[in-house]
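Novice: One structure coming up, written as structure tokens, with questions to follow.
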Amino acid sequence: MKIAILGAGISGLALARFLVEGGLPRESLTLFEAGREVGGLCASKTIDGFTYDVTGGHILYSKDAAAMAWMKACAGGESAFVTRERHTKIRFGDRWVHYPFENGLGDLPPQANFDCLRGYIDAWHRRQVDGSKAPTQFGAWVRWRFGDGIAKHFMDPYNAKVWKRELDFLSSDWVAGRVPDAPVDDVLRASIGIRTEGYTHQSIFYYPRTGGFQAITDGIASTLLDRVRLSTRVGEVVRLREGWTVNGEHFDRVVSTLALTDLPSIVRDMPAAPAEAMRSLEYNSITCFLVALARPEHPALSWIYLPHPEQGPTNRVTYMSNYAPGMAPAGRSSLLCEVTHPGGAPAPGPELEREVLAGLESAGLLSRSEVLFTDRVTTRHAYVVFDSAYHARRKAAFDWLDSAGLVPLGRFGRFEYDNSDQCVIKARELASKLLRSAARG
């Protein structure tokens, strides 16, 4: 069985590796990758001795111990990774606020603390009295769950920065299982200065010693490189009576990790309805800035959130050189700044760099005299945006893909908000299915 895998990011690479480990001959696989290197959304870049992850700060953590162990083993084993404690904060004016925000109310100025506590208690009380269900619109959900104070001081401005849309344009689906749900007693304690922890499942994470997060995808790819066609964009996928062709070459099965929004321009004779559903899926792009600093070290932080407009366009800052010793030259340090923009919008111009640095300075994170240089990478598909039409559009896309026998995989191949470990888990599951199918002939 000849299998074409479209895309050599973590999902495509993991699928190929699991298939080979499961006994499929390597010669049966071909991976098509438009870029000059493998890695996709897990790619890293090194410039003048500074390394950064080009689509935002990544960490290795998983509730699936087998998946995490497999990722480590592919990249050199335990010794190839450093272990880090997660230290995250929210920058609020000149203060550091504990994360998640509702567990850090005691760090706020008195009036903001009162606003947030009162709103949280009011929202909690209303839910107890009326038994209301969670609203489907995200902006309304924020007030239903956290109250007006936390919405005003953190959730509204931060999410406006990230999503670049009115919050009620978004559905509340994406927050399920992702936003910490602090017990009311913990919020009361936090407000009067008794420290509480609301988000502990990633309290310890792992990161490659060298090479950035891409060391993991490089490791996965290390036994497959002769099966990867780099700098090879997929121009046409054609369904045949028996199998498919990709760029004119015949395959029995095709697995696509390419973004659903792009498939209609690649797959020949796709019907109009699923094509429109795919093209209409909402997403965000990201521009990431490396800020190289003439500073020997940082505070003991992993990453921080910048919710307010005066802090510039950056929504999250990763203390990149804190992740591993080799991320910056000796005596130097670095920051990684994330700025999102709506998918399909033009890439930001040079003025964005000035705005980012001015915001970081305003937030008290650096002085301009420390900045050695900056580097930037813009990635077109970065975040899935969950709007009210998301489920219907995705169902229409999947119904057609299933009927055609074209298999989707990956964050944008399936348009799911999956982290790297979840991509590996789903690749493992798909590999098992494909291997069973191959065994049946």
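Ordered as shown in the structure tokens, chains take letters A, B, and onward, while each chain numbers its residues from 1 and ligands are numbered from 1 in the order shown.
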Using backbone DSSP assignments, extract all strand (DSSP E or B) residues from range 73-310 of chain A; output them as JSON, numbers by chain.
Specialist: {"A": [81, 82, 83, 84, 85, 88, 89, 90, 91, 92, 95, 96, 97, 98, 137, 170, 171, 204, 205, 206, 207, 208, 228, 229, 237, 238, 239, 244, 245, 246, 249, 250, 251, 253, 254, 255, 256, 267, 283, 284, 285, 286, 287, 288, 289, 290, 291, 292, 293, 303, 304, 305]}
Novice: Quick one: write out the picked residues with C-alpha atoms as a PDB file, in the first residue's frame?
Specialist:
```
ATOM      1  CA  PHE A  81      15.879  17.384  27.624  1.00  0.00           C
ATOM      2  CA  VAL A  82      15.919  19.792  30.533  1.00  0.00           C
ATOM      3  CA  THR A  83      13.221  19.779  33.193  1.00  0.00           C
ATOM      4  CA  ARG A  84      11.629  23.098  34.045  1.00  0.00           C
ATOM      5  CA  GLU A  85       9.125  24.341  36.606  1.00  0.00           C
ATOM      6  CA  THR A  88       3.819  32.167  34.564  1.00  0.00           C
ATOM      7  CA  LYS A  89       2.555  35.631  35.415  1.00  0.00           C
ATOM      8  CA  ILE A  90       0.284  38.360  34.096  1.00  0.00           C
ATOM      9  CA  ARG A  91       1.740  41.845  33.787  1.00  0.00           C
ATOM     10  CA  PHE A  92      -0.770  44.319  35.234  1.00  0.00           C
ATOM     11  CA  ARG A  95       2.663  44.493  39.061  1.00  0.00           C
ATOM     12  CA  TRP A  96       3.105  40.766  38.566  1.00  0.00           C
ATOM     13  CA  VAL A  97      -0.170  38.904  38.956  1.00  0.00           C
ATOM     14  CA  HIS A  98      -0.311  35.176  39.632  1.00  0.00           C
ATOM     15  CA  GLN A 137     -21.115  33.191  22.778  1.00  0.00           C
ATOM     16  CA  LEU A 170     -16.496  33.569  18.929  1.00  0.00           C
ATOM     17  CA  SER A 171     -18.277  30.577  20.371  1.00  0.00           C
ATOM     18  CA  ILE A 204       6.645  20.643  35.311  1.00  0.00           C
ATOM     19  CA  PHE A 205       7.513  20.622  31.617  1.00  0.00           C
ATOM     20  CA  TYR A 206      10.379  19.500  29.393  1.00  0.00           C
ATOM     21  CA  TYR A 207      12.332  21.199  26.636  1.00  0.00           C
ATOM     22  CA  PRO A 208      15.157  20.104  24.313  1.00  0.00           C
ATOM     23  CA  VAL A 228      10.529  13.413   2.600  1.00  0.00           C
ATOM     24  CA  ARG A 229      10.452  15.562  -0.534  1.00  0.00           C
ATOM     25  CA  VAL A 237      -4.544  15.929  -5.795  1.00  0.00           C
ATOM     26  CA  VAL A 238      -6.819  13.859  -8.032  1.00  0.00           C
ATOM     27  CA  ARG A 239      -9.189  11.100  -6.982  1.00  0.00           C
ATOM     28  CA  TRP A 244      -5.214   8.957  -5.978  1.00  0.00           C
ATOM     29  CA  THR A 245      -2.561  10.938  -7.737  1.00  0.00           C
ATOM     30  CA  VAL A 246      -0.484  13.618  -6.014  1.00  0.00           C
ATOM     31  CA  GLU A 249       2.091  10.273  -9.002  1.00  0.00           C
ATOM     32  CA  HIS A 250      -0.171   7.358  -8.035  1.00  0.00           C
ATOM     33  CA  PHE A 251      -0.896   6.423  -4.388  1.00  0.00           C
ATOM     34  CA  ARG A 253      -4.067   6.370   0.216  1.00  0.00           C
ATOM     35  CA  VAL A 254      -3.580  10.081   0.875  1.00  0.00           C
ATOM     36  CA  VAL A 255      -3.341  11.632   4.336  1.00  0.00           C
ATOM     37  CA  SER A 256      -3.446  15.423   4.378  1.00  0.00           C
ATOM     38  CA  VAL A 267      -8.071  18.814  -4.756  1.00  0.00           C
ATOM     39  CA  TYR A 283      -8.215  31.104  11.685  1.00  0.00           C
ATOM     40  CA  ASN A 284      -5.510  33.452  12.940  1.00  0.00           C
ATOM     41  CA  SER A 285      -1.967  33.991  11.772  1.00  0.00           C
ATOM     42  CA  ILE A 286       0.936  34.849  14.060  1.00  0.00           C
ATOM     43  CA  THR A 287       4.067  36.953  13.863  1.00  0.00           C
ATOM     44  CA  CYS A 288       6.736  35.970  16.364  1.00  0.00           C
ATOM     45  CA  PHE A 289       9.643  38.209  17.305  1.00  0.00           C
ATOM     46  CA  LEU A 290      12.919  37.127  18.800  1.00  0.00           C
ATOM     47  CA  VAL A 291      14.275  39.951  20.944  1.00  0.00           C
ATOM     48  CA  ALA A 292      17.977  39.343  21.606  1.00  0.00           C
ATOM     49  CA  LEU A 293      19.175  41.110  24.746  1.00  0.00           C
ATOM     50  CA  TRP A 303       6.107  33.037  30.009  1.00  0.00           C
ATOM     51  CA  ILE A 304       3.844  35.970  30.778  1.00  0.00           C
ATOM     52  CA  TYR A 305       0.646  37.535  29.448  1.00  0.00           C
TER      53      TYR A 305
END
```
Novice: Among range 63-257 of chain A, which ones does DSSP place in helix (DSSP H, G or I), written as a ChimeraX atom specification?
Specialist: /A:65-74,78-80,101-103,105-107,110-130,138-146,148-163,167-169,173-175,184-191,214-221,225-227
Novice: Limited to C-alpha atoms, could you put the picked residues into a file as a PDB file, in the first residue's frame?
Specialist:
```pdb
ATOM      1  CA  ALA A  65       2.894   9.251  29.342  1.00  0.00           C
ATOM      2  CA  ALA A  66       3.549   6.918  26.407  1.00  0.00           C
ATOM      3  CA  ALA A  67       3.272   9.745  23.864  1.00  0.00           C
ATOM      4  CA  MET A  68       5.594  11.979  25.877  1.00  0.00           C
ATOM      5  CA  ALA A  69       8.139   9.175  26.334  1.00  0.00           C
ATOM      6  CA  TRP A  70       8.009   8.444  22.589  1.00  0.00           C
ATOM      7  CA  MET A  71       8.632  12.096  21.714  1.00  0.00           C
ATOM      8  CA  LYS A  72      11.605  12.206  24.088  1.00  0.00           C
ATOM      9  CA  ALA A  73      13.013   8.932  22.766  1.00  0.00           C
ATOM     10  CA  CYS A  74      12.808  10.155  19.167  1.00  0.00           C
ATOM     11  CA  GLU A  78      15.755  11.897  28.724  1.00  0.00           C
ATOM     12  CA  SER A  79      19.297  13.276  28.666  1.00  0.00           C
ATOM     13  CA  ALA A  80      18.451  15.404  25.618  1.00  0.00           C
ATOM     14  CA  PHE A 101      -5.889  35.578  36.967  1.00  0.00           C
ATOM     15  CA  GLU A 102      -8.673  34.609  39.381  1.00  0.00           C
ATOM     16  CA  ASN A 103      -6.065  32.938  41.586  1.00  0.00           C
ATOM     17  CA  LEU A 105      -6.573  38.761  42.725  1.00  0.00           C
ATOM     18  CA  GLY A 106      -4.560  39.646  45.839  1.00  0.00           C
ATOM     19  CA  ASP A 107      -1.745  40.867  43.583  1.00  0.00           C
ATOM     20  CA  PRO A 110      -7.209  47.360  45.788  1.00  0.00           C
ATOM     21  CA  GLN A 111      -9.985  48.712  43.546  1.00  0.00           C
ATOM     22  CA  ALA A 112      -9.312  46.193  40.769  1.00  0.00           C
ATOM     23  CA  ASN A 113      -9.194  43.411  43.370  1.00  0.00           C
ATOM     24  CA  PHE A 114     -12.582  44.506  44.699  1.00  0.00           C
ATOM     25  CA  ASP A 115     -14.091  44.803  41.192  1.00  0.00           C
ATOM     26  CA  CYS A 116     -12.953  41.317  40.281  1.00  0.00           C
ATOM     27  CA  LEU A 117     -13.957  39.654  43.538  1.00  0.00           C
ATOM     28  CA  ARG A 118     -17.395  41.251  43.564  1.00  0.00           C
ATOM     29  CA  GLY A 119     -18.031  40.298  39.940  1.00  0.00           C
ATOM     30  CA  TYR A 120     -16.836  36.741  40.491  1.00  0.00           C
ATOM     31  CA  ILE A 121     -19.075  36.251  43.536  1.00  0.00           C
ATOM     32  CA  ASP A 122     -22.058  37.836  41.747  1.00  0.00           C
ATOM     33  CA  ALA A 123     -21.572  35.512  38.738  1.00  0.00           C
ATOM     34  CA  TRP A 124     -21.137  32.467  40.984  1.00  0.00           C
ATOM     35  CA  HIS A 125     -24.275  33.384  42.957  1.00  0.00           C
ATOM     36  CA  ARG A 126     -26.366  33.871  39.822  1.00  0.00           C
ATOM     37  CA  ARG A 127     -25.351  30.440  38.551  1.00  0.00           C
ATOM     38  CA  GLN A 128     -26.387  28.856  41.858  1.00  0.00           C
ATOM     39  CA  VAL A 129     -29.752  30.640  41.890  1.00  0.00           C
ATOM     40  CA  ASP A 130     -30.865  30.303  38.283  1.00  0.00           C
ATOM     41  CA  PHE A 138     -17.644  33.615  24.233  1.00  0.00           C
ATOM     42  CA  GLY A 139     -18.025  37.209  25.446  1.00  0.00           C
ATOM     43  CA  ALA A 140     -21.219  36.316  27.304  1.00  0.00           C
ATOM     44  CA  TRP A 141     -19.557  33.159  28.657  1.00  0.00           C
ATOM     45  CA  VAL A 142     -16.743  35.229  30.158  1.00  0.00           C
ATOM     46  CA  ARG A 143     -19.226  37.270  32.212  1.00  0.00           C
ATOM     47  CA  TRP A 144     -21.298  34.207  33.098  1.00  0.00           C
ATOM     48  CA  ARG A 145     -18.215  32.396  34.341  1.00  0.00           C
ATOM     49  CA  PHE A 146     -15.972  35.161  35.763  1.00  0.00           C
ATOM     50  CA  ASP A 148     -17.798  41.824  35.042  1.00  0.00           C
ATOM     51  CA  GLY A 149     -14.628  42.684  36.977  1.00  0.00           C
ATOM     52  CA  ILE A 150     -12.386  39.929  35.630  1.00  0.00           C
ATOM     53  CA  ALA A 151     -13.899  40.510  32.185  1.00  0.00           C
ATOM     54  CA  LYS A 152     -13.016  44.201  32.319  1.00  0.00           C
ATOM     55  CA  HIS A 153      -9.559  43.920  33.828  1.00  0.00           C
ATOM     56  CA  PHE A 154      -8.229  40.836  32.056  1.00  0.00           C
ATOM     57  CA  MET A 155     -10.387  38.521  29.944  1.00  0.00           C
ATOM     58  CA  ASP A 156     -11.851  41.089  27.546  1.00  0.00           C
ATOM     59  CA  PRO A 157      -8.650  42.986  26.688  1.00  0.00           C
ATOM     60  CA  TYR A 158      -6.465  39.878  26.565  1.00  0.00           C
ATOM     61  CA  ASN A 159      -8.787  37.892  24.310  1.00  0.00           C
ATOM     62  CA  ALA A 160      -9.363  40.893  22.068  1.00  0.00           C
ATOM     63  CA  LYS A 161      -5.576  40.966  21.551  1.00  0.00           C
ATOM     64  CA  VAL A 162      -5.387  37.258  20.764  1.00  0.00           C
ATOM     65  CA  TRP A 163      -8.451  36.789  18.570  1.00  0.00           C
ATOM     66  CA  LEU A 167     -15.659  38.284  21.600  1.00  0.00           C
ATOM     67  CA  ASP A 168     -19.266  37.377  20.890  1.00  0.00           C
ATOM     68  CA  PHE A 169     -18.255  36.531  17.320  1.00  0.00           C
ATOM     69  CA  ASP A 173     -16.723  25.788  22.678  1.00  0.00           C
ATOM     70  CA  TRP A 174     -12.961  26.222  22.633  1.00  0.00           C
ATOM     71  CA  VAL A 175     -12.679  27.061  26.344  1.00  0.00           C
ATOM     72  CA  VAL A 184     -15.017  30.050  44.764  1.00  0.00           C
ATOM     73  CA  ASP A 185     -13.192  29.406  48.052  1.00  0.00           C
ATOM     74  CA  ASP A 186      -9.854  29.598  46.235  1.00  0.00           C
ATOM     75  CA  VAL A 187     -10.801  32.938  44.689  1.00  0.00           C
ATOM     76  CA  LEU A 188     -11.811  34.306  48.092  1.00  0.00           C
ATOM     77  CA  ARG A 189      -8.516  33.162  49.582  1.00  0.00           C
ATOM     78  CA  ALA A 190      -6.542  34.617  46.686  1.00  0.00           C
ATOM     79  CA  SER A 191      -8.274  37.969  47.041  1.00  0.00           C
ATOM     80  CA  GLN A 214      12.255  21.600  16.454  1.00  0.00           C
ATOM     81  CA  ALA A 215      14.729  19.131  17.950  1.00  0.00           C
ATOM     82  CA  ILE A 216      11.694  16.915  18.565  1.00  0.00           C
ATOM     83  CA  THR A 217      10.456  16.960  14.972  1.00  0.00           C
ATOM     84  CA  ASP A 218      14.034  16.628  13.714  1.00  0.00           C
ATOM     85  CA  GLY A 219      14.361  13.540  15.884  1.00  0.00           C
ATOM     86  CA  ILE A 220      11.113  12.046  14.631  1.00  0.00           C
ATOM     87  CA  ALA A 221      12.218  12.721  11.051  1.00  0.00           C
ATOM     88  CA  LEU A 225      14.459  11.952   5.652  1.00  0.00           C
ATOM     89  CA  ASP A 226      14.933   9.948   2.469  1.00  0.00           C
ATOM     90  CA  ARG A 227      11.133   9.653   2.269  1.00  0.00           C
TER      91      ARG A 227
END
```
Novice: Counting only C-alpha atoms, which of A:Gly212, A:Gly39, A:Gly7, A:Gly359 gets nearest to Pro309 in chain A?
Specialist: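 Using only C-alpha atoms, the shortest distance to Pro309 in chain A belongs to A:Gly359.
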Novice: Pick from A:Ile266, A:Leu6, A:Met1, A:Arg36: nearest to Ser231 in chain A, with only C-alpha atoms counted?
Specialist: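 Of the candidates, the smallest distance to Ser231 in chain A is held by A:Arg36.
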Novice: Record the distance separating CA of Val317 in chain A and CA of Glu353 in chain A, expressed in Å with one decimal.
Specialist: 14.1 Å
Novice: May I ask which of the residues A:Ile5, A:Met320, A:Arg26, A:Leu435 is the closest one to Thr223 in chain A, counting only C-alpha atoms?
Specialist: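 For Thr223 in chain A, the nearest of the candidates is A:Arg26.
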Novice: I'd like the contact shell of Ala8 in chain A - 7 Å cut-off, only C-alpha atoms, skipping same-chain residues fewer than 3 positions apart - returned as a PyMOL selection string.
Specialist: chain A and resi 12-13+31-33+38-40
Novice: What does the structure give for the distance between CA of Pro109 in chain A and CA of Gly198 in chain A, in Å to one decimal?
Specialist: 20.4 Å
Novice: Kindly give the distance, in Å, that separates CA of Ile194 in chain A and CA of Gly104 in chain A, rounded to a single decimal.
Specialist: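 One can read the CA of Ile194 in chain A to CA of Gly104 in chain A distance as 9.4 Å.
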Novice: Tell me which of A:Val424, A:Cys337, A:Leu260, A:Leu108 sits closest to Ala16 in chain A, counting only C-alpha atoms.
Specialist: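 Going through A:Val424, A:Cys337, A:Leu260, A:Leu108 one by one, the smallest distance to Ala16 in chain A is for A:Val424.
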Novice: I need the residue nearest Ser420 in chain A from this list: A:Val234, A:Leu19, A:Ala273, A:Leu41. Use only C-alpha atoms for the distance.
Specialist: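 Looking only at the distances to Ser420 in chain A, the closest residue turns out to be A:Leu41.
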